[in-house]
Structure formats: structure tokens, C-alpha cells
$ cat run39.cif   # mmCIF, C-alpha atoms
data_entry
#
loop_
_atom_site.label_atom_id
_atom_site.label_comp_id
_atom_site.auth_asym_id
_atom_site.auth_seq_id
_atom_site.Cartn_x
_atom_site.Cartn_y
_atom_site.Cartn_z
CA MET R 1 6.46 130.23 111.07
CA LYS R 2 9.80 130.40 109.30
CA ALA R 3 10.73 133.58 111.16
CA GLY R 4 9.65 131.97 114.42
CA LEU R 5 11.87 128.93 113.85
CA LYS R 6 14.78 131.18 113.01
CA THR R 7 14.30 133.07 116.23
CA VAL R 8 14.22 129.87 118.22
CA MET R 9 17.34 128.59 116.48
CA LEU R 10 19.13 131.88 117.08
CA ALA R 11 18.12 131.88 120.73
CA LEU R 12 19.40 128.33 121.07
CA ALA R 13 22.64 129.21 119.40
CA VAL R 14 23.16 132.26 121.61
CA MET R 15 22.42 130.20 124.70
CA ALA R 16 24.58 127.28 123.63
CA ALA R 17 27.64 129.15 122.38
CA PRO R 18 28.97 130.57 125.66
CA ALA R 19 28.20 127.36 127.51
CA LEU R 20 30.01 125.37 124.86
CA ALA R 21 33.00 127.71 124.83
CA GLY R 22 33.16 127.63 128.60
CA ASP R 23 33.18 123.87 128.70
CA VAL R 24 35.58 123.06 125.90
CA ALA R 25 37.83 126.02 125.15
CA PRO R 26 40.85 126.10 127.42
CA LYS R 27 41.56 128.93 129.82
CA VAL R 28 45.07 130.27 130.23
CA PRO R 29 46.12 129.98 133.86
CA ILE R 30 47.21 133.30 135.37
CA ASP R 31 48.13 134.41 138.84
CA ARG R 32 46.14 137.64 139.14
CA SER R 33 47.68 138.46 142.48
CA LYS R 34 50.74 139.54 140.48
CA GLY R 35 48.72 142.08 138.51
CA GLU R 36 46.82 142.21 135.26
CA CYS R 37 48.18 140.98 131.94
CA VAL R 38 49.65 143.52 129.49
CA LEU R 39 46.46 143.30 127.39
CA PRO R 40 42.93 142.04 128.07
CA GLY R 41 42.39 138.33 127.37
CA PRO R 42 40.66 138.56 123.97
CA GLU R 43 43.35 140.91 122.63
CA MET R 44 46.10 138.76 124.07
CA ARG R 45 44.60 135.75 122.34
CA ARG R 46 44.88 137.47 118.96
CA GLN R 47 48.02 139.52 119.45
CA HIS R 48 50.37 137.71 121.82
CA MET R 49 52.45 136.40 118.93
CA GLU R 50 52.80 139.91 117.50
CA LEU R 51 53.87 141.25 120.87
CA LEU R 52 56.41 138.49 121.28
CA LYS R 53 57.80 138.96 117.79
CA HIS R 54 58.02 142.72 118.17
CA ARG R 55 59.72 142.37 121.50
CA ARG R 56 62.11 139.75 120.17
CA ASP R 57 63.40 142.15 117.50
CA ALA R 58 63.50 145.06 119.95
CA THR R 59 65.73 143.01 122.24
CA MET R 60 67.98 141.69 119.48
CA TYR R 61 68.56 145.00 117.75
CA ASP R 62 67.92 147.72 120.33
CA GLY R 63 68.82 145.94 123.54
CA VAL R 64 65.39 146.37 125.13
CA ARG R 65 65.46 144.41 128.38
CA GLY R 66 62.91 143.98 131.14
CA GLY R 67 59.71 146.01 131.35
CA LYS R 68 56.22 144.63 131.42
CA VAL R 69 56.20 143.02 127.97
CA ALA R 70 59.11 140.69 128.72
CA PHE R 71 59.24 136.96 128.11
CA ALA R 72 60.33 136.39 131.70
CA ALA R 73 57.35 138.41 132.90
CA CYS R 74 54.96 136.08 131.01
CA LEU R 75 56.48 133.07 132.76
CA ASN R 76 56.33 134.81 136.09
CA CYS R 77 52.55 135.29 136.13
CA HIS R 78 51.45 132.31 134.05
CA ALA R 79 53.56 129.55 135.62
CA VAL R 80 51.56 126.50 136.70
CA LYS R 81 52.75 124.54 139.70
CA GLY R 82 52.88 120.77 139.36
CA ASP R 83 52.33 118.09 141.99
CA ASP R 84 55.79 118.69 143.42
CA GLY R 85 55.02 122.36 143.98
CA LYS R 86 57.49 123.48 141.33
CA PRO R 87 56.48 125.22 138.10
CA VAL R 88 55.95 122.71 135.32
CA THR R 89 58.11 122.81 132.20
CA VAL R 90 56.72 122.80 128.70
CA LYS R 91 56.96 119.00 128.73
CA SER R 92 53.78 118.97 130.81
CA PRO R 93 50.40 119.52 129.09
CA GLN R 94 49.51 121.79 132.02
CA HIS R 95 52.08 124.39 130.90
CA PHE R 96 50.23 127.62 130.14
CA CYS R 97 51.34 127.73 126.51
CA ARG R 98 50.40 124.15 125.86
CA VAL R 99 46.93 124.57 127.35
CA CYS R 100 45.83 126.45 124.22
CA HIS R 101 48.43 125.35 121.74
CA ASP R 102 47.59 121.68 122.18
CA TYR R 103 43.90 122.55 121.77
CA THR R 104 44.48 124.50 118.56
CA ALA R 105 47.19 122.10 117.33
CA VAL R 106 49.72 124.90 116.89
CA LYS R 107 53.30 123.84 117.48
CA VAL R 108 55.61 126.58 118.74
CA ASP R 109 59.38 126.49 118.59
CA CYS R 110 60.15 128.91 121.42
CA TRP R 111 61.03 126.30 124.01
CA SER R 112 63.80 124.54 122.15
CA CYS R 113 65.96 127.52 123.17
CA HIS R 114 64.09 129.46 125.85
CA VAL R 115 63.56 128.38 129.43
CA SER R 116 59.92 127.46 130.00
CA VAL R 117 59.82 127.97 133.76
CA PRO R 118 60.42 131.14 135.79
CA ARG R 119 63.98 131.38 137.08
CA ASP R 120 65.06 133.08 140.24
CA GLY R 121 65.42 136.74 139.51
CA ALA R 122 64.49 136.44 135.84
CA GLY R 123 60.90 137.50 136.42
CA LYS R 124 62.05 140.49 138.37
CA GLN R 125 64.13 141.61 135.40
CA ALA R 126 61.34 144.07 134.87
CA LEU R 127 62.31 145.94 137.97
CA ARG R 128 66.06 145.71 138.24
CA PRO R 129 69.09 144.08 136.63
CA PRO R 130 69.09 140.49 137.80
CA HIS R 131 72.64 139.30 137.56
CA ARG R 132 75.63 139.01 139.80
CA GLY R 133 76.31 142.12 141.80
CA ALA R 134 73.55 144.70 141.73
CA THR R 135 74.29 147.37 139.19
CA ASP R 136 75.93 150.39 140.58
CA PHE R 137 75.87 152.94 137.81
CA ALA R 138 78.38 155.18 139.52
CA ALA R 139 80.78 152.25 139.89
CA LEU R 140 80.32 151.24 136.26
CA LYS R 141 80.86 154.79 135.12
CA LYS R 142 84.05 154.89 137.15
CA TYR R 143 85.15 151.55 135.71
CA LEU R 144 84.52 152.66 132.15
CA LYS R 145 86.51 155.82 132.75
CA GLU R 146 89.45 154.43 134.66
CA GLY R 147 89.45 150.68 134.20
CA ARG R 148 90.08 148.11 136.90
CA LYS R 149 92.55 149.18 139.52
CA MET P 1 54.84 160.20 129.99
CA THR P 2 52.17 161.73 132.11
CA ASP P 3 51.28 165.34 132.54
CA THR P 4 54.11 167.65 131.58
CA SER P 5 53.61 171.26 130.64
CA LEU P 6 55.59 170.76 127.44
CA SER P 7 53.82 169.40 124.42
CA GLY P 8 54.41 168.59 120.76
CA LYS P 9 57.61 169.81 119.19
CA ALA P 10 58.75 171.74 122.24
CA ARG P 11 58.65 168.54 124.24
CA ARG P 12 60.55 166.57 121.60
CA ASP P 13 63.24 169.24 121.39
CA PHE P 14 63.46 169.31 125.15
CA ILE P 15 63.99 165.56 125.30
CA LYS P 16 66.43 165.70 122.40
CA ALA P 17 68.47 168.32 124.21
CA ALA P 18 68.34 166.23 127.35
CA LEU P 19 69.52 163.17 125.46
CA ALA P 20 72.38 165.15 123.96
CA THR P 21 73.68 166.13 127.37
CA GLY P 22 73.15 162.70 128.88
CA GLY P 23 72.39 161.82 132.44
CA VAL P 24 69.31 161.70 134.57
CA LEU P 25 66.69 164.29 133.89
CA THR P 26 63.67 165.17 135.96
CA LEU P 27 60.75 165.73 133.60
CA ALA P 28 58.21 166.37 136.29
CA PRO P 29 58.22 165.74 140.00
CA GLY P 30 58.67 162.02 140.50
CA LEU P 31 59.20 161.34 136.80
CA MET P 32 62.77 160.66 135.75
CA LEU P 33 64.34 159.97 132.40
CA LEU P 34 67.53 157.94 132.49
CA THR P 35 69.51 158.34 129.29
CA THR P 36 72.58 156.63 127.96
CA GLY P 37 74.77 159.62 127.36
CA ALA P 38 78.41 159.61 126.35
CA GLY P 39 79.36 159.95 129.99
CA GLY P 40 79.06 156.22 130.50
CA GLU P 41 75.70 156.09 132.26
CA ALA P 42 74.07 152.81 131.46
CA ALA P 43 70.46 151.89 130.96
CA ALA P 44 68.59 149.64 133.35
CA ALA P 45 66.33 146.71 132.50
CA ASP P 46 63.35 149.01 132.16
CA GLY P 47 61.89 147.98 128.81
CA LYS P 48 63.61 150.82 126.96
CA PRO P 49 66.20 150.58 124.15
CA ALA P 50 69.74 150.33 125.54
CA VAL P 51 71.76 150.25 122.32
CA ASP P 52 73.52 153.52 121.62
CA PRO P 53 74.89 154.08 118.09
CA LYS P 54 77.50 156.50 119.44
CA LYS P 55 79.20 153.71 121.34
CA ARG P 56 81.44 150.96 120.15
CA TRP P 57 81.99 148.31 122.76
CA GLY P 58 85.36 146.67 122.76
CA MET P 59 87.90 144.81 124.84
CA LEU P 60 91.58 145.06 125.52
CA ILE P 61 93.34 141.87 126.58
CA ASP P 62 96.68 142.21 128.29
CA THR P 63 98.38 138.99 127.27
CA THR P 64 101.39 139.79 129.46
CA LYS P 65 99.15 139.15 132.49
CA CYS P 66 97.32 136.11 131.12
CA THR P 67 98.67 132.73 132.26
CA ASP P 68 98.25 129.30 130.70
CA ASP P 69 97.00 127.65 133.91
CA CYS P 70 94.01 129.98 134.30
CA ASP P 71 90.71 129.63 132.49
CA LYS P 72 88.47 131.71 134.75
CA CYS P 73 87.16 133.73 131.80
CA VAL P 74 86.10 130.53 130.05
CA SER P 75 84.34 129.04 133.07
CA ALA P 76 82.63 132.33 133.84
CA CYS P 77 81.32 132.48 130.26
CA LYS P 78 80.07 128.88 130.43
CA GLU P 79 78.30 129.60 133.69
CA GLU P 80 76.81 132.87 132.48
CA ASN P 81 75.67 131.74 129.06
CA GLY P 82 74.88 128.07 129.67
CA TRP P 83 77.15 126.27 127.23
CA GLN P 84 79.60 123.49 127.90
CA ALA P 85 82.33 121.81 125.92
CA GLU P 86 84.41 118.71 126.42
CA ASP P 87 88.16 119.20 126.30
CA GLY P 88 89.40 118.86 122.75
CA SER P 89 85.95 118.55 121.19
CA LEU P 90 85.78 120.09 117.74
CA THR P 91 82.00 120.12 117.65
CA ASP P 92 80.84 121.33 121.07
CA VAL P 93 79.62 124.86 121.58
CA GLN P 94 82.34 127.30 122.62
CA TRP P 95 82.05 131.05 122.98
CA ILE P 96 85.53 131.63 124.35
CA ARG P 97 88.64 129.44 124.52
CA LYS P 98 92.15 129.66 125.87
CA VAL P 99 94.84 129.33 123.24
CA ASN P 100 98.38 128.43 124.29
CA VAL P 101 101.04 129.22 121.73
CA LYS P 102 104.77 128.57 121.62
CA ASP P 103 107.41 129.82 119.27
CA PRO P 104 109.36 126.66 118.30
CA ALA P 105 112.42 128.70 117.36
CA THR P 106 112.84 130.39 120.75
CA GLY P 107 110.65 128.38 123.10
CA PHE P 108 108.73 131.51 124.11
CA ALA P 109 105.23 130.46 125.20
CA MET P 110 102.15 132.55 125.93
CA SER P 111 98.44 132.14 126.52
CA LEU P 112 95.47 134.19 125.41
CA PRO P 113 91.68 133.99 125.42
CA VAL P 114 90.08 134.05 121.97
CA MET P 115 86.43 134.82 121.41
CA CYS P 116 84.36 136.67 118.81
CA GLN P 117 86.52 139.65 117.88
CA HIS P 118 83.47 141.83 117.13
CA CYS P 119 84.77 143.10 113.78
CA ALA P 120 83.60 146.42 112.42
CA ASN P 121 83.44 144.68 109.03
CA PRO P 122 82.33 141.20 110.02
CA PRO P 123 82.62 138.52 107.30
CA CYS P 124 80.02 136.42 109.13
CA VAL P 125 77.43 139.15 108.60
CA ASP P 126 78.39 139.50 104.93
CA VAL P 127 77.76 135.87 104.13
CA CYS P 128 74.58 135.19 106.14
CA PRO P 129 71.72 134.34 103.77
CA THR P 130 68.95 135.24 106.23
CA GLY P 131 70.25 138.26 108.12
CA ALA P 132 70.53 136.26 111.32
CA SER P 133 74.22 137.00 111.65
CA MET P 134 74.02 140.62 112.65
CA GLN P 135 75.84 143.59 114.06
CA ARG P 136 74.23 145.92 116.56
CA VAL P 137 74.80 149.63 116.06
CA ASP P 138 77.04 149.64 119.13
CA GLY P 139 79.42 147.18 117.45
CA ILE P 140 78.38 143.92 119.10
CA VAL P 141 78.26 141.09 116.55
CA ARG P 142 75.82 138.30 117.35
CA VAL P 143 73.42 135.72 115.94
CA ASP P 144 69.68 136.37 115.87
CA MET P 145 68.80 132.75 116.49
CA HIS P 146 65.13 133.43 115.73
CA ILE P 147 65.97 133.63 112.04
CA CYS P 148 69.11 131.47 111.90
CA ILE P 149 68.57 128.45 109.66
CA GLY P 150 71.75 126.71 110.78
CA CYS P 151 73.53 126.76 107.41
CA ARG P 152 76.89 127.39 109.13
CA TYR P 153 78.14 129.68 106.37
CA CYS P 154 79.20 132.20 109.04
CA MET P 155 81.29 129.54 110.75
CA MET P 156 83.18 129.04 107.50
CA ALA P 157 83.60 132.78 107.01
CA CYS P 158 84.88 133.62 110.49
CA PRO P 159 88.70 133.76 110.51
CA TYR P 160 88.76 133.33 114.30
CA LYS P 161 86.68 130.14 114.61
CA ALA P 162 84.54 132.10 117.01
CA ARG P 163 81.24 130.53 116.06
CA SER P 164 79.91 127.11 116.78
CA PHE P 165 76.88 125.05 115.93
CA VAL P 166 74.54 123.67 118.54
CA HIS P 167 74.31 119.99 117.65
CA GLU P 168 72.22 118.81 120.55
CA ASP P 169 69.28 119.94 122.63
CA ILE P 170 70.28 122.03 125.62
CA PRO P 171 68.78 120.47 128.76
CA GLU P 172 66.17 122.64 130.48
CA GLU P 173 68.27 123.11 133.63
CA ARG P 174 71.24 124.45 131.64
CA LYS P 175 69.19 126.97 129.64
CA LYS P 176 69.62 130.59 130.65
CA PRO P 177 66.71 133.03 130.35
CA HIS P 178 69.04 135.78 129.12
CA ALA P 179 71.09 133.67 126.69
CA PRO P 180 68.79 131.26 124.88
CA MET P 181 70.36 128.79 122.49
CA GLY P 182 69.09 125.61 120.95
CA LYS P 183 69.72 122.78 118.54
CA GLY P 184 70.12 123.73 114.91
CA CYS P 185 71.42 127.25 115.34
CA VAL P 186 74.82 128.88 115.23
CA THR P 187 75.90 130.69 118.35
CA SER P 188 78.80 132.83 119.51
CA CYS P 189 80.04 135.36 122.02
CA ASP P 190 77.78 138.42 122.11
CA MET P 191 79.99 140.32 124.55
CA CYS P 192 77.34 139.52 127.15
CA ALA P 193 74.87 141.88 125.47
CA HIS P 194 72.30 141.10 128.17
CA ARG P 195 74.70 142.40 130.82
CA VAL P 196 75.99 145.35 128.82
CA ASP P 197 72.40 146.46 128.16
CA VAL P 198 71.68 146.73 131.86
CA GLY P 199 74.94 148.45 132.74
CA GLN P 200 77.21 145.57 133.62
CA ILE P 201 80.50 144.37 132.15
CA PRO P 202 80.87 141.00 130.37
CA ALA P 203 81.19 137.93 132.59
CA CYS P 204 84.71 137.07 131.38
CA VAL P 205 86.03 140.54 132.16
CA GLU P 206 84.39 140.45 135.57
CA ALA P 207 85.88 137.02 136.30
CA CYS P 208 89.47 137.85 135.32
CA ASP P 209 91.29 138.45 138.60
CA LYS P 210 94.63 139.16 136.94
CA GLY P 211 93.43 142.42 135.45
CA ALA P 212 94.19 141.06 131.99
CA MET P 213 90.83 142.01 130.48
CA MET P 214 89.38 145.45 130.05
CA PHE P 215 86.00 146.40 128.62
CA GLY P 216 84.70 149.74 127.47
CA ASP P 217 83.53 152.15 124.80
CA LEU P 218 86.21 152.51 122.11
CA ASN P 219 84.51 155.65 120.78
CA ASP P 220 84.79 157.52 124.07
CA PRO P 221 88.23 159.16 124.28
CA ASN P 222 87.82 159.53 128.05
CA ALA P 223 87.05 155.87 128.64
CA GLY P 224 89.66 153.85 130.51
CA ILE P 225 90.07 151.47 127.62
CA SER P 226 90.66 154.27 125.09
CA LYS P 227 93.26 155.90 127.31
CA ARG P 228 95.07 152.61 127.73
CA LEU P 229 94.92 151.97 123.98
CA ALA P 230 96.51 155.36 123.41
CA GLU P 231 99.31 154.60 125.89
CA ILE P 232 100.58 151.22 124.77
CA PRO P 233 100.96 149.36 121.47
CA THR P 234 98.13 146.90 120.89
CA TYR P 235 97.44 144.46 118.10
CA GLU P 236 94.62 142.74 116.28
CA ILE P 237 94.72 139.05 115.44
CA ARG P 238 95.13 138.78 111.66
CA ALA P 239 95.20 142.54 111.27
CA ASP P 240 96.08 141.89 107.61
CA LEU P 241 92.43 141.04 106.97
CA GLY P 242 91.46 144.65 107.67
CA LEU P 243 88.37 143.75 109.69
CA ASP P 244 88.84 146.48 112.34
CA LEU P 245 88.41 144.35 115.43
CA GLY P 246 86.70 145.31 118.65
CA VAL P 247 89.03 143.06 120.66
CA ARG P 248 92.69 144.03 120.84
CA TYR P 249 95.69 142.36 122.48
CA THR P 250 98.78 143.93 124.03
CA ARG P 251 101.09 141.25 122.67
CA LEU P 252 100.65 138.59 120.06
CA PRO P 253 102.96 135.79 118.96
#
$ encode --input "run39.cif" --output "C-alpha cells"
Amino acid sequence: MKAGLKTVMLALAVMAAPALAGDVAPKVPIDRSKGECVLPGPEMRRQHMELLKHRRDATMYDGVRGGKVAFAACLNCHAVKGDDGKPVTVKSPQHFCRVCHDYTAVKVDCWSCHVSVPRDGAGKQALRPPHRGATDFAALKKYLKEGRK
Amino acid sequence: MTDTSLSGKARRDFIKAALATGGVLTLAPGLMLLTTGAGGEAAAADGKPAVDPKKRWGMLIDTTKCTDDCDKCVSACKEENGWQAEDGSLTDVQWIRKVNVKDPATGFAMSLPVMCQHCANPPCVDVCPTGASMQRVDGIVRVDMHICIGCRYCMMACPYKARSFVHEDIPEERKKPHAPMGKGCVTSCDMCAHRVDVGQIPACVEACDKGAMMFGDLNDPNAGISKRLAEIPTYEIRADLGLDLGVRYTRLP
């Protein structure tokens, strides 16, 4: 009898858990047409802060820029468009970071300094240098050797 | 790294040798390795480290060409790095400023841009209690705002007043993805590290149309800047402090 009840309870729990999670737990919005995330969802959920922190130090000390694990790349795929068709800033509860962070009541400090929406060119940092005048390595090499004429 | 015939130590030695020579190396068909050799090749924004300990980035400012009515370097820096300052404000953020000086005895006047001098022995790094005030191995001195607590000790220590405190929130539209800054942190010129890392020159140097600013690797004897430094007398501001500056001027008051 006892074992039977346990089985029933367990079955109920197994049935209820995914349904409950699906209904209540937030889902991070992602535009999959731009490719897959750097890690599968469950790993991202646990490790995104480690990735960000590692990358932050790599950029500060070693000058690592662009690539797939770049802040700008996160914004590029995860941006949510608002009613006006523009990506929403972190002021909106729809912002992809806030979707989970509001739910888990974790306050992050990133956005007091960082831009929370994708900027023209910034997301493409991964592929090529984004700023004024496309980089011409030969020209730069020449400049560094001879200076401005 | 996909399938190469080299493996283990042989492969590491091979790459080491390649790094020593510098340049672009074909590892396997269709697989290239771009290195930052002493030749001046620069890294791209490819998710790989761009800082090279063999380099020391520096600037040479020709004050004979700099005029007091021009502030293109300052506006270019503001635009690039997303800061703004009211004229005469002592508290606004400033990364670079124009200083006009006049010798009262002779009436001789000149103008020069002053920014972080990127000392080899930076006092701001010495005094920082958290390690936020830092020096990259290529000589660029900057603030790691992730760990800055805003104590402003570095601002007191800097003899050049190069650092400033961000007193107010930066509006979203003024924030730059490559130069984040925010309320409660100290900030200063980082010689446009985000540009240098992807093979570009700092915004102020690019903006100067008088040819008064020169940027390059002080450790490379073949670099334009090193050759120029060897040709003409140049000076450091407050050379008496012995800080070994990365920014040098052709003429000082």
C-alpha cells in the first residue's frame, strides 16, 4: 500500500514537474536564425556568468575582441524587439536578461555601463573590426613603419 | 585547430617558431594563423588575445604643429568613447584636453593636448587598493571598471590629472559598446585599446589633420615613431618624476 502510494506520488511529481516548469519558468528569447548559442541552454543557465567573467578579464588584460563569446554577440542574437520594432533596452521587462533575472530576483550591474541593445556593427565585431575605416593591415603596417605622410 | 599532421610537442614548437617570425602562416589548406609579430601586423577582432608583451604603445605629439584653435583630437575622443564635458567643468569626465600655455615673461604661447601619459611606472597603479587601475603588458594604462570601487585614489596620485570620476549615469544612447563607463567608477584614456587591439590607431591620432600626433610601438626600432624619436629632441611632461612616459612632446613650455 505504502509502496503503491509512493509510486503514485512519484508519477504525479514526474508528470507535474515539466508542466509546471514550462508554465512558470521563463524562457530566454533567442533568434535561432542567427545560429546556435555558444553552449546548450542548461549549461548556459549555469555557466553564463562564468563565461562573461572570464571573457571580461580576457578583454581587459589580453585584448581579446570579437569571436563567438563576445558581449555584443549575446545582444545580437537575444535582442527582443518592442512595439516600435526596435530592440528594447534593459529598462523593459522583456529584455532577455531581465526575463530570468526578474524571475530569480538577481540584480545585475552590467547595464549601468554597458549598452543593452545591439548597435550597428557591434554584433558583427565577431567577424571584422567594426570602426571607422575598415582595417587595412598593410596600410597600418606602413603607418607604423613610416608615420603619417 | 582541425586536422594537422603535426601533434603534441612538435606542433607547439612549430607554432612557437611561427610566432617568433611573425606574419600569416598557413597551417593546413584553408586554415590560417594570423600572429602579431614585431613586423607590425595587427590582430583582428577574432576572439584571440591581441596584447603583445614585446610591444610598448606610445605617442609622439609635435607641439610645433598643434594650434590653440583646434580641438579635433578632443572631439574625436568624445565621439569615439562616449564622454562629454562642459567647458570649464572640474567634475565632468575628460579623457583628453587641450592646454594652452603662455610664458608671461616673453609672451610666447603654445597649445598641446594632454591625456593619460601611459607611464611605465604608473603611480595610479601603485595606489589602487583593488587592482582596478592596471597596466597591460603592452604599456597601455587603464581602469578595469569591473573591479573599480570609485575611491578616486588614482585621481589623487596622477600627476597629469588624466583621470576623472563618472558622477552621473551615462544615458543609453551615449554608451559605446567598446568603451563602457558608468556612474561610480574612475575612467581615463586607454589609448583606444579597442581600436589598437583590432589593428587601428587611436581616434585622436586619426583625427589630427595637422600631422601633430603620431602613434606606434616604442620598442620597435624600425617603427616610424621610434625613428622620429631618434631624430629630434623630445620631452616628457614632469620628466623629473621619473615615470618613463609613453607620450612624448617635441616642445614643452
$ closest_residue --input "run39.cif" --among "P:Gly139, P:Pro253, P:Pro221, P:Pro180" --to "Ser116 of chain R" --atoms "all atoms listed in the file"
P:Pro180
$ resolve_selection --input "run39.cif" --expression "the PyMOL selection byres ((chain P) within 6 of (chain R))" --output "short mmCIF file (atom, residue, chain, number, x, y, z; two decimals) with C-alpha atoms, in the coordinates of the input"
data_model
loop_
_atom_site.label_atom_id
_atom_site.label_comp_id
_atom_site.auth_asym_id
_atom_site.auth_seq_id
_atom_site.Cartn_x
_atom_site.Cartn_y
_atom_site.Cartn_z
CA GLY P 40 79.06 156.22 130.50
CA ALA P 45 66.33 146.71 132.50
CA ASP P 46 63.35 149.01 132.16
CA GLY P 47 61.89 147.98 128.81
CA LYS P 48 63.61 150.82 126.96
CA PRO P 49 66.20 150.58 124.15
CA ALA P 50 69.74 150.33 125.54
CA VAL P 51 71.76 150.25 122.32
CA ARG P 136 74.23 145.92 116.56
CA LYS P 175 69.19 126.97 129.64
CA PRO P 177 66.71 133.03 130.35
CA PRO P 180 68.79 131.26 124.88
CA MET P 181 70.36 128.79 122.49
CA GLY P 182 69.09 125.61 120.95
CA ASP P 197 72.40 146.46 128.16
CA GLY P 216 84.70 149.74 127.47
CA ALA P 223 87.05 155.87 128.64
CA GLY P 224 89.66 153.85 130.51
#
$ atom_distance --input "run39.cif" --atom1 "atom CA of Lys183 of chain P" --atom2 "atom CA of Val205 of chain P"
27.7 Å
$ closest_residue --input "run39.cif" --among "P:Met145, P:Pro171, P:Met214, P:Pro113" --to "Thr130 of chain P" --atoms "only C-alpha atoms"
P:Met145
$ resolve_selection --input "run39.cif" --expression "the PyMOL selection byres ((chain P and resi 67) around 9)" --output "list in words"
Thr63, Thr64, Lys65, Cys66, Asp68, Asp69, Cys70, Asp71, Met110, Ser111, Leu112 and Lys210 of chain P
$ atom_distance --input "run39.cif" --atom1 "atom CA of Cys74 of chain R" --atom2 "atom CA of Glu43 of chain R"
15.1 Å
$ resolve_selection --input "run39.cif" --expression "the PyMOL selection byres ((chain P and resi 155-169) around 7)" --output "PDB file with C-alpha atoms, in the coordinates of the input"
ATOM      1  CA  VAL P  93      79.620 124.860 121.580  1.00  0.00           C
ATOM      2  CA  GLN P  94      82.340 127.300 122.620  1.00  0.00           C
ATOM      3  CA  TRP P  95      82.050 131.050 122.980  1.00  0.00           C
ATOM      4  CA  MET P 115      86.430 134.820 121.410  1.00  0.00           C
ATOM      5  CA  CYS P 116      84.360 136.670 118.810  1.00  0.00           C
ATOM      6  CA  PRO P 123      82.620 138.520 107.300  1.00  0.00           C
ATOM      7  CA  CYS P 124      80.020 136.420 109.130  1.00  0.00           C
ATOM      8  CA  ARG P 152      76.890 127.390 109.130  1.00  0.00           C
ATOM      9  CA  TYR P 153      78.140 129.680 106.370  1.00  0.00           C
ATOM     10  CA  CYS P 154      79.200 132.200 109.040  1.00  0.00           C
ATOM     11  CA  ILE P 170      70.280 122.030 125.620  1.00  0.00           C
ATOM     12  CA  PRO P 171      68.780 120.470 128.760  1.00  0.00           C
ATOM     13  CA  GLY P 182      69.090 125.610 120.950  1.00  0.00           C
ATOM     14  CA  LYS P 183      69.720 122.780 118.540  1.00  0.00           C
ATOM     15  CA  GLY P 184      70.120 123.730 114.910  1.00  0.00           C
ATOM     16  CA  CYS P 185      71.420 127.250 115.340  1.00  0.00           C
ATOM     17  CA  VAL P 186      74.820 128.880 115.230  1.00  0.00           C
ATOM     18  CA  THR P 187      75.900 130.690 118.350  1.00  0.00           C
ATOM     19  CA  SER P 188      78.800 132.830 119.510  1.00  0.00           C
TER      20      SER P 188
END
$ atom_distance --input "run39.cif" --atom1 "atom CA of Cys189 of chain P" --atom2 "atom CA of Ile96 of chain P"
7.0 Å
$ axis_aligned_box --input "run39.cif" --around "segment 173-178 of chain P" --padding-each-side "6 Å" --output "JSON"
{"center_x": 69.0, "center_y": 129.4, "center_z": 131.4, "size_x": 16.5, "size_y": 24.7, "size_z": 16.5}
$ residues_around --input "run39.cif" --residues "segment 97-101 of chain R" --least-positions-apart "6" --cutoff "9 Å" --atoms "all atoms listed in the file" --output "list in words"
Ala25, Pro26, Lys27, Val28, Pro29, His78, Val90, Lys91, Lys107 and Val108 of chain R
$ closest_residue --input "run39.cif" --among "P:Cys148, P:Leu218, P:Ala109, P:Val114" --to "Tyr249 of chain P" --atoms "only C-alpha atoms"
P:Val114
$ closest_residue --input "run39.cif" --among "P:Asp138, P:Asp209, P:Glu173, P:Asp244" --to "Gly82 of chain P" --atoms "only C-alpha atoms"
P:Glu173
$ closest_residue --input "run39.cif" --among "P:Cys119, P:Met59, P:Ala132, P:Val198" --to "Phe215 of chain P" --atoms "only C-alpha atoms"
P:Met59
$ residues_around --input "run39.cif" --residues "Gln117 of chain P" --least-positions-apart "5" --cutoff "7 Å" --atoms "all atoms listed in the file" --output "ChimeraX atom specification"
/P:245-247
